[in-house]
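Shown next: structure07.cif, given as mmCIF, C-alpha atoms.
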data_coords
loop_
_atom_site.label_atom_id
_atom_site.label_comp_id
_atom_site.auth_asym_id
_atom_site.auth_seq_id
_atom_site.Cartn_x
_atom_site.Cartn_y
_atom_site.Cartn_z
CA MET A 134 0.00 0.00 0.00
CA LYS A 135 1.09 3.55 -0.76
CA ALA A 136 0.23 6.75 1.10
CA VAL A 137 -0.05 10.36 -0.02
CA VAL A 138 0.24 13.20 2.47
CA LEU A 139 -1.30 16.32 0.95
CA ALA A 140 0.93 19.28 1.80
CA GLY A 141 0.53 21.67 -1.12
CA GLY A 142 -1.56 24.43 0.43
CA TYR A 143 -0.37 27.99 1.00
CA ALA A 144 -2.42 28.60 4.18
CA THR A 145 -3.20 32.22 3.37
CA ARG A 146 -5.71 32.40 6.24
CA MET A 147 -2.80 32.04 8.66
CA TRP A 148 -0.47 34.62 7.20
CA PRO A 149 1.98 36.01 8.29
CA ILE A 150 2.70 32.93 10.44
CA THR A 151 2.58 30.62 7.41
CA LYS A 152 3.78 33.02 4.73
CA HIS A 153 7.28 31.55 4.80
CA ARG A 154 6.66 28.16 6.40
CA PRO A 155 4.25 25.33 5.55
CA LYS A 156 1.48 25.21 8.13
CA MET A 157 2.21 21.48 8.52
CA PHE A 158 5.42 22.49 10.33
CA LEU A 159 3.57 24.31 13.09
CA PRO A 160 4.56 22.74 16.41
CA ILE A 161 2.21 20.61 18.47
CA GLY A 162 4.16 20.00 21.63
CA ASP A 163 7.55 18.47 20.80
CA SER A 164 6.38 17.39 17.34
CA THR A 165 4.74 19.07 14.36
CA VAL A 166 1.38 18.56 12.71
CA ILE A 167 2.81 16.59 9.79
CA ASP A 168 5.37 14.62 11.83
CA ARG A 169 2.52 13.13 13.85
CA ILE A 170 1.14 11.78 10.57
CA PHE A 171 4.55 10.59 9.36
CA GLN A 172 5.04 8.70 12.62
CA SER A 173 1.71 6.89 12.22
CA LEU A 174 2.57 5.89 8.66
CA GLU A 175 6.09 4.85 9.65
CA ASN A 176 4.63 2.50 12.26
CA ASP A 177 2.32 0.65 9.85
CA ASP A 178 4.09 -2.10 7.92
CA ARG A 179 1.41 -2.21 5.23
CA ILE A 180 2.57 1.18 3.93
CA ASP A 181 5.83 0.82 2.02
CA GLU A 182 6.11 4.34 0.59
CA VAL A 183 4.81 7.79 1.52
CA TYR A 184 4.56 10.52 -1.11
CA VAL A 185 4.57 14.05 0.27
CA SER A 186 2.67 16.10 -2.28
CA THR A 187 3.78 19.71 -2.05
CA ASN A 188 4.45 22.69 -4.31
CA GLU A 189 7.68 24.05 -5.78
CA ARG A 190 7.73 26.96 -3.36
CA PHE A 191 7.83 24.82 -0.24
CA ALA A 192 9.77 21.87 -1.70
CA PRO A 193 13.14 23.04 -0.26
CA ASP A 194 11.54 23.35 3.20
CA PHE A 195 10.27 19.80 3.00
CA GLU A 196 13.59 18.49 1.69
CA THR A 197 15.38 20.03 4.66
CA HIS A 198 12.74 18.86 7.12
CA LEU A 199 12.76 15.25 5.92
CA ALA A 200 16.57 15.17 5.91
CA GLU A 201 16.54 16.13 9.59
CA THR A 202 14.07 13.43 10.64
CA GLU A 203 14.53 9.70 11.08
CA PHE A 204 11.51 8.77 8.95
CA GLU A 205 12.43 6.37 6.16
CA LYS A 206 9.24 6.23 4.10
CA PRO A 207 8.42 9.82 3.10
CA ARG A 208 9.72 11.31 -0.12
CA LEU A 209 8.69 14.40 -2.04
CA SER A 210 6.46 14.42 -5.07
CA ILE A 211 6.40 18.02 -6.25
CA GLU A 212 3.49 19.80 -7.92
CA ASP A 213 4.40 22.20 -10.70
CA THR A 214 3.09 25.25 -8.80
CA SER A 215 4.70 28.03 -6.83
CA GLU A 216 1.76 30.21 -5.78
CA GLU A 217 -1.92 29.93 -4.89
CA ALA A 218 -3.21 30.94 -8.33
CA ASP A 219 -1.35 28.06 -10.03
CA LYS A 220 -2.87 25.27 -7.93
CA PHE A 221 -4.37 22.28 -9.73
CA GLY A 222 -6.82 21.61 -6.93
CA VAL A 223 -6.43 18.66 -4.59
CA VAL A 224 -8.08 16.13 -6.91
CA GLY A 225 -6.12 17.38 -9.89
CA ALA A 226 -2.84 17.21 -7.97
CA LEU A 227 -3.69 13.73 -6.67
CA ALA A 228 -4.47 12.44 -10.15
CA GLN A 229 -1.19 13.86 -11.42
CA LEU A 230 0.72 12.24 -8.57
CA VAL A 231 -0.84 8.82 -9.26
CA GLU A 232 0.24 9.12 -12.88
CA ARG A 233 3.65 10.68 -12.14
CA GLU A 234 4.61 8.08 -9.53
CA GLU A 235 2.93 5.20 -11.39
CA VAL A 236 0.98 4.23 -8.28
CA ASP A 237 -0.52 0.78 -8.76
CA ASP A 238 -1.50 -0.19 -5.22
CA ASP A 239 -4.18 0.59 -2.70
CA LEU A 240 -3.77 4.21 -1.68
CA LEU A 241 -4.19 6.08 1.60
CA VAL A 242 -4.67 9.84 1.21
CA ILE A 243 -4.48 12.12 4.22
CA ALA A 244 -4.27 15.89 4.55
CA GLY A 245 -1.00 17.01 6.11
CA ASP A 246 -2.79 19.60 8.24
CA ASN A 247 -5.02 16.99 9.91
CA LEU A 248 -4.55 16.50 13.64
CA ILE A 249 -6.45 13.31 14.42
CA SER A 250 -6.95 11.36 17.60
CA PHE A 251 -7.49 7.92 16.04
CA ASP A 252 -4.77 5.48 15.07
CA VAL A 253 -4.27 5.39 11.29
CA SER A 254 -3.69 1.63 11.57
CA ASP A 255 -7.23 1.21 12.91
CA PHE A 256 -8.54 3.11 9.90
CA LEU A 257 -6.59 0.84 7.55
CA ASP A 258 -7.84 -2.27 9.37
CA TYR A 259 -11.38 -1.07 8.71
CA PHE A 260 -10.58 -0.35 5.04
CA GLU A 261 -9.16 -3.84 4.56
CA ARG A 262 -12.31 -5.38 6.00
CA LYS A 263 -14.57 -3.38 3.70
CA GLU A 264 -12.45 -3.51 0.52
CA THR A 265 -14.20 -0.37 -0.76
CA PRO A 266 -13.35 3.33 -0.92
CA THR A 267 -13.36 4.48 2.69
CA LEU A 268 -13.42 7.87 4.36
CA ALA A 269 -12.96 8.95 7.97
CA ALA A 270 -15.92 10.86 9.42
CA TYR A 271 -16.29 12.98 12.55
CA ASP A 272 -19.22 14.69 14.23
CA VAL A 273 -18.28 18.37 14.51
CA GLY A 274 -21.31 19.02 16.72
CA SER A 275 -22.40 22.17 14.91
CA ARG A 276 -24.31 22.65 11.68
CA GLU A 277 -22.54 25.95 11.15
CA LYS A 278 -19.18 24.14 11.23
CA ALA A 279 -20.54 21.29 9.10
CA SER A 280 -21.33 23.70 6.27
CA SER A 281 -17.57 24.17 5.73
CA TYR A 282 -16.91 20.47 5.09
CA GLY A 283 -18.21 17.46 3.21
CA LEU A 284 -21.42 16.25 4.86
CA VAL A 285 -21.75 12.47 5.17
CA GLU A 286 -25.06 10.59 5.37
CA LEU A 287 -24.87 6.96 6.43
CA GLU A 288 -26.97 3.82 6.52
CA GLY A 289 -25.07 1.77 9.04
CA ASP A 290 -21.52 2.52 7.99
CA ARG A 291 -22.23 2.79 4.28
CA VAL A 292 -22.18 6.24 2.68
CA VAL A 293 -25.54 6.83 0.97
CA ASP A 294 -25.16 10.56 0.37
CA PHE A 295 -22.33 13.08 0.42
CA GLN A 296 -22.70 16.84 0.03
CA GLU A 297 -19.62 19.04 -0.27
CA LYS A 298 -20.01 22.25 1.79
CA PRO A 299 -23.83 22.33 1.83
CA ASP A 300 -25.59 25.63 2.56
CA ASP A 301 -28.13 23.89 4.79
CA PRO A 302 -26.50 20.83 6.40
CA LYS A 303 -28.98 18.29 7.75
CA SER A 304 -26.51 16.73 10.17
CA THR A 305 -23.09 17.39 11.71
CA LEU A 306 -21.16 14.31 10.48
CA VAL A 307 -18.38 15.40 8.12
CA SER A 308 -15.52 13.92 6.12
CA ILE A 309 -12.07 14.88 7.44
CA ALA A 310 -9.80 14.48 4.39
CA CYS A 311 -8.57 10.99 5.25
CA TYR A 312 -9.39 8.47 2.53
CA ALA A 313 -8.40 4.99 1.44
CA PHE A 314 -8.93 3.83 -2.14
CA PRO A 315 -8.59 0.30 -3.51
CA GLN A 316 -6.20 -0.04 -6.42
CA ASP A 317 -9.02 -0.49 -8.94
CA ALA A 318 -10.65 2.80 -7.91
CA LEU A 319 -7.63 4.97 -8.79
CA SER A 320 -8.48 5.04 -12.51
CA LEU A 321 -11.72 6.81 -11.58
CA LEU A 322 -9.72 9.94 -10.68
CA GLY A 323 -8.95 10.40 -14.37
CA THR A 324 -12.52 9.63 -15.38
CA TYR A 325 -13.82 12.19 -12.90
CA LEU A 326 -11.53 14.94 -14.22
CA GLU A 327 -12.07 14.07 -17.90
CA ASP A 328 -15.80 14.56 -17.35
CA GLY A 329 -15.12 18.17 -16.36
CA ASN A 330 -15.82 17.80 -12.65
CA ASN A 331 -14.49 20.10 -9.92
CA PRO A 332 -10.73 19.42 -9.45
CA ASP A 333 -10.47 21.35 -6.20
CA GLU A 334 -11.70 19.68 -3.01
CA PRO A 335 -11.51 15.87 -2.62
CA GLY A 336 -15.06 15.95 -1.26
CA TRP A 337 -16.39 16.66 -4.73
CA PHE A 338 -14.72 13.48 -5.97
CA VAL A 339 -16.13 11.47 -3.05
CA GLN A 340 -19.60 12.89 -3.75
CA TRP A 341 -19.27 11.70 -7.36
CA LEU A 342 -17.64 8.39 -6.38
CA GLN A 343 -20.20 7.20 -3.80
CA ASN A 344 -22.90 7.34 -6.48
CA ARG A 345 -20.92 4.86 -8.58
CA VAL A 346 -19.24 2.42 -6.18
CA GLN A 347 -20.05 1.30 -2.65
CA THR A 348 -18.29 3.58 -0.17
CA HIS A 349 -17.93 3.24 3.61
CA ALA A 350 -17.19 5.57 6.50
CA TYR A 351 -14.95 4.97 9.51
CA THR A 352 -16.40 7.11 12.29
CA PHE A 353 -14.45 8.14 15.37
CA GLU A 354 -14.83 10.30 18.46
CA ASP A 355 -12.46 12.24 20.76
CA ALA A 356 -10.77 14.93 18.67
CA TRP A 357 -10.01 16.24 15.19
CA PHE A 358 -8.54 19.57 14.12
CA ASP A 359 -8.26 20.96 10.63
CA ILE A 360 -5.25 23.26 11.04
CA GLY A 361 -6.39 25.97 8.65
CA THR A 362 -7.00 28.97 10.87
CA PRO A 363 -5.22 30.51 13.86
CA GLU A 364 -8.16 29.52 16.06
CA SER A 365 -8.03 25.86 14.99
CA TYR A 366 -4.27 25.77 15.56
CA LEU A 367 -4.58 27.22 19.06
CA ASN A 368 -7.39 24.76 19.80
CA ALA A 369 -5.17 21.88 18.66
CA VAL A 370 -2.35 23.08 20.90
CA ALA A 371 -4.80 23.34 23.80
CA TRP A 372 -6.05 19.80 23.16
CA HIS A 373 -2.49 18.49 23.20
CA LEU A 374 -1.45 20.44 26.31
CA ASN A 375 -4.74 19.62 28.07
CA GLY A 376 -4.70 22.72 30.25
CA LYS A 377 -1.00 22.54 31.04
CA SER A 378 1.78 24.66 29.62
CA MET A 379 5.08 23.84 27.92
CA ILE A 380 8.06 26.11 28.56
CA ALA A 381 11.44 25.47 26.91
CA ASP A 382 14.41 25.11 29.27
CA THR A 383 16.23 27.86 27.36
CA ALA A 384 13.38 30.37 27.68
CA THR A 385 13.83 33.28 30.11
CA LEU A 386 10.90 34.21 32.35
CA GLU A 387 10.99 37.17 34.73
CA ASN A 388 7.80 38.03 36.59
CA ALA A 389 5.79 36.23 33.93
CA THR A 390 2.41 34.67 34.65
CA ILE A 391 1.71 31.54 32.62
CA GLY A 392 -1.93 30.55 32.25
CA ASP A 393 -3.45 27.52 30.51
CA ASN A 394 -2.29 25.99 27.22
CA VAL A 395 0.79 28.12 26.67
CA HIS A 396 3.76 26.93 24.59
CA VAL A 397 6.94 28.98 24.91
CA MET A 398 9.82 27.83 22.69
CA ASP A 399 13.63 27.96 22.82
CA GLY A 400 15.30 31.27 23.55
CA ALA A 401 12.11 33.25 24.13
CA THR A 402 12.18 36.03 26.73
CA LEU A 403 9.13 37.02 28.76
CA GLU A 404 9.30 39.86 31.25
CA GLU A 405 6.42 41.33 33.27
CA THR A 406 4.04 39.51 30.97
CA ASP A 407 0.82 37.49 31.34
CA LEU A 408 0.15 34.67 28.88
CA ASP A 409 -2.91 32.50 28.30
CA HIS A 410 -3.69 30.18 25.35
CA ALA A 411 -0.68 31.43 23.41
CA VAL A 412 2.19 30.13 21.32
CA ILE A 413 5.51 31.99 21.51
CA PHE A 414 8.07 30.93 18.89
CA PRO A 415 11.86 30.78 19.40
CA ASP A 416 13.82 33.92 20.29
CA ALA A 417 10.74 36.12 20.63
CA THR A 418 10.79 38.81 23.34
CA VAL A 419 7.69 40.10 25.11
CA ARG A 420 7.96 42.76 27.82
CA ASN A 421 5.10 44.27 29.80
CA GLY A 422 2.48 42.43 27.82
CA ASP A 423 -0.84 40.68 28.20
CA ILE A 424 -1.03 38.03 25.47
CA ARG A 425 -4.17 35.89 25.03
CA ARG A 426 -5.20 33.51 22.26
CA SER A 427 -2.33 34.80 20.12
CA ILE A 428 0.59 33.46 18.10
CA ILE A 429 3.91 35.33 18.25
CA ASP A 430 6.43 34.24 15.62
CA GLU A 431 10.19 33.86 16.01
CA GLY A 432 12.53 36.76 16.62
CA THR A 433 9.68 39.16 17.37
CA HIS A 434 10.07 42.01 19.90
CA LEU A 435 6.96 43.34 21.65
CA GLU A 436 6.74 45.87 24.46
CA ASN A 437 3.81 47.37 26.36
CA LEU A 438 1.07 45.58 24.42
CA ASP A 439 -2.18 43.88 25.29
CA LEU A 440 -3.06 41.41 22.54
CA ALA A 441 -6.01 39.06 22.04
CA GLY A 442 -6.51 36.97 18.91
CA ALA A 443 -3.33 38.34 17.32
CA LEU A 444 -0.89 36.89 14.78
CA ILE A 445 2.48 38.63 14.83
CA GLY A 446 4.87 37.72 12.02
CA ALA A 447 8.52 36.81 12.41
CA HIS A 448 11.15 39.44 13.29
CA THR A 449 8.54 42.13 13.91
CA THR A 450 9.17 44.93 16.41
CA ILE A 451 6.18 46.67 18.00
CA THR A 452 6.71 49.00 20.94
CA ASN A 453 3.81 50.89 22.44
CA HIS A 454 5.35 53.88 24.22
CA ALA A 455 3.22 55.58 26.83
CA PRO A 456 2.49 59.30 26.20
CA GLU A 457 5.00 61.69 27.74
CA GLY A 458 4.24 62.35 31.39
CA LEU A 459 2.34 59.07 31.85
CA GLU A 460 5.30 56.71 31.89
#

Take the structure in the file and write it out as structure tokens.
Amino acid sequence: MKAVVLAGGYATRMWPITKHRPKMFLPIGDSTVIDRIFQSLENDDRIDEVYVSTNERFAPDFETHLAETEFEKPRLSIEDTSEEADKFGVVGALAQLVEREEVDDDLLVIAGDNLISFDVSDFLDYFERKETPTLAAYDVGSREKASSYGLVELEGDRVVDFQEKPDDPKSTLVSIACYAFPQDALSLLGTYLEDGNNPDEPGWFVQWLQNRVQTHAYTFEDAWFDIGTPESYLNAVAWHLNGKSMIADTATLENATIGDNVHVMDGATLEETDLDHAVIFPDATVRNGDIRRSIIDEGTHLENLDLAGALIGAHTTITNHAPEGLE
């Protein structure tokens, strides 16, 4: 079996934090979003090769990252794009990868920005029992949230209807961009695209596919995060930290108050500062601040600021000087 980790997005909703780094490299504790996936795939002996589908712009970042890890299976498969406007769409890129790499096996496809609580091996066990196209499905608990994803309708565990991003979702069970396809279903990617169907989201392909071949859903509980917005990233960090905080040994704290779900990385300096639900990247400095639900990138220097829901890009300096006579 082969696996594809989709890592070609530009994550514009998280700029400036992701303007010069793939969002899959965002840290979750001691690991990263994508390394958690790589580790799961490395542990499953059924998967003999992992293709990391990314774009030309981020290819050097992935080459460096993979060279620094101990994972043996992942290797790059590079899309011919370097900016958002050039993207083929996920289905188009996947079809190109299958052709480019001459994939002729069962195929697991998983989004590289997925933080999932289930074991990928359990998902593959289920797929092997069903021997049909299989998707992972999760109850997001909100119809408003469900309207942003592919809505799954089941009879038992068989998919009987699939609606990509419906305006009026009738349930809250959604597909999470984790799919397994039998070898004989891969040719349908080309058929789907040749018929002029939407090449963008994989949900459109699944919607088309489940009307043609029997498709099943592996449902799970606990947690799932689609790391596509600052809020979802901070929620994923909070889930991992579970109310605790993670402070690097090389960080400097002087009269700093650390609240819940705070991650402070190597070389950061915090003085006279309160933090809660925040991520502080390496070598950032915050003095006299109140930082809540915010992400502060590396090398940033902040003084005399109260921030909530902020994203501060790397190597930024913001100093809020008090008016003369009020210092």

- Query: Closest to Met379 in chain A among A:Thr450, A:Pro160, A:His153, A:Glu196, using all atoms listed in the file?
  - Reply: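 Once distances to Met379 in chain A are computed over all atoms listed in the file, the minimum belongs to A:Pro160.
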
- Message: Please list as a ChimeraX atom specification every residue within 7 Å of Asp430 in chain A, counting all atoms listed in the file and excluding residues in the same chain fewer than 4 positions away.
- Response: /A:150,413-414,417,445-447

Only C-alpha atoms, please: the residues just picked out, written as a compact mmCIF listing (two decimals), keeping the file's coordinate frame.
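Dumped everything to again_12.txt:
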# COMPACT_ATOMS: atom_id res chain seq x y z
CA ILE A 150 2.70 32.93 10.44
CA ILE A 413 5.51 31.99 21.51
CA PHE A 414 8.07 30.93 18.89
CA ALA A 417 10.74 36.12 20.63
CA ILE A 445 2.48 38.63 14.83
CA GLY A 446 4.87 37.72 12.02
CA ALA A 447 8.52 36.81 12.41

- Message: I'd like the residues picked by the PyMOL selection byres ((chain A and resi 416) around 8) written out as JSON, numbers by chain, using the chain letters and numbers from the file.
- Response: {"A": [398, 399, 400, 401, 402, 414, 415, 417, 418, 431, 432, 433]}

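Minimum atom-to-atom distance to Phe314 in chain A, evaluated using all atoms listed in the file, belongs to A:Lys135 out of A:His396, A:His373, A:His448, A:Lys135.
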
- Item | For CA of Ile424 in chain A and CA of Leu386 in chain A, the interatomic separation in Å (one decimal) | 14.3 Å

- Task: Please write the residues picked by the PyMOL selection byres ((chain A and resi 156) around 9) on this file as an MDAnalysis selection string.
- Result: chainID A and resid 140 142:144 147 150:152 154:155 157:159 166:167 245:246 360:361

Output file for the residues above (C-alpha atoms, as a PDB file, in the coordinates of the input):
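Contents of the output file selection_6.pdb:
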ATOM      1  CA  ALA A 140       0.930  19.280   1.800  1.00  0.00           C
ATOM      2  CA  GLY A 142      -1.560  24.430   0.430  1.00  0.00           C
ATOM      3  CA  TYR A 143      -0.370  27.990   1.000  1.00  0.00           C
ATOM      4  CA  ALA A 144      -2.420  28.600   4.180  1.00  0.00           C
ATOM      5  CA  MET A 147      -2.800  32.040   8.660  1.00  0.00           C
ATOM      6  CA  ILE A 150       2.700  32.930  10.440  1.00  0.00           C
ATOM      7  CA  THR A 151       2.580  30.620   7.410  1.00  0.00           C
ATOM      8  CA  LYS A 152       3.780  33.020   4.730  1.00  0.00           C
ATOM      9  CA  ARG A 154       6.660  28.160   6.400  1.00  0.00           C
ATOM     10  CA  PRO A 155       4.250  25.330   5.550  1.00  0.00           C
ATOM     11  CA  MET A 157       2.210  21.480   8.520  1.00  0.00           C
ATOM     12  CA  PHE A 158       5.420  22.490  10.330  1.00  0.00           C
ATOM     13  CA  LEU A 159       3.570  24.310  13.090  1.00  0.00           C
ATOM     14  CA  VAL A 166       1.380  18.560  12.710  1.00  0.00           C
ATOM     15  CA  ILE A 167       2.810  16.590   9.790  1.00  0.00           C
ATOM     16  CA  GLY A 245      -1.000  17.010   6.110  1.00  0.00           C
ATOM     17  CA  ASP A 246      -2.790  19.600   8.240  1.00  0.00           C
ATOM     18  CA  ILE A 360      -5.250  23.260  11.040  1.00  0.00           C
ATOM     19  CA  GLY A 361      -6.390  25.970   8.650  1.00  0.00           C
TER      20      GLY A 361
END
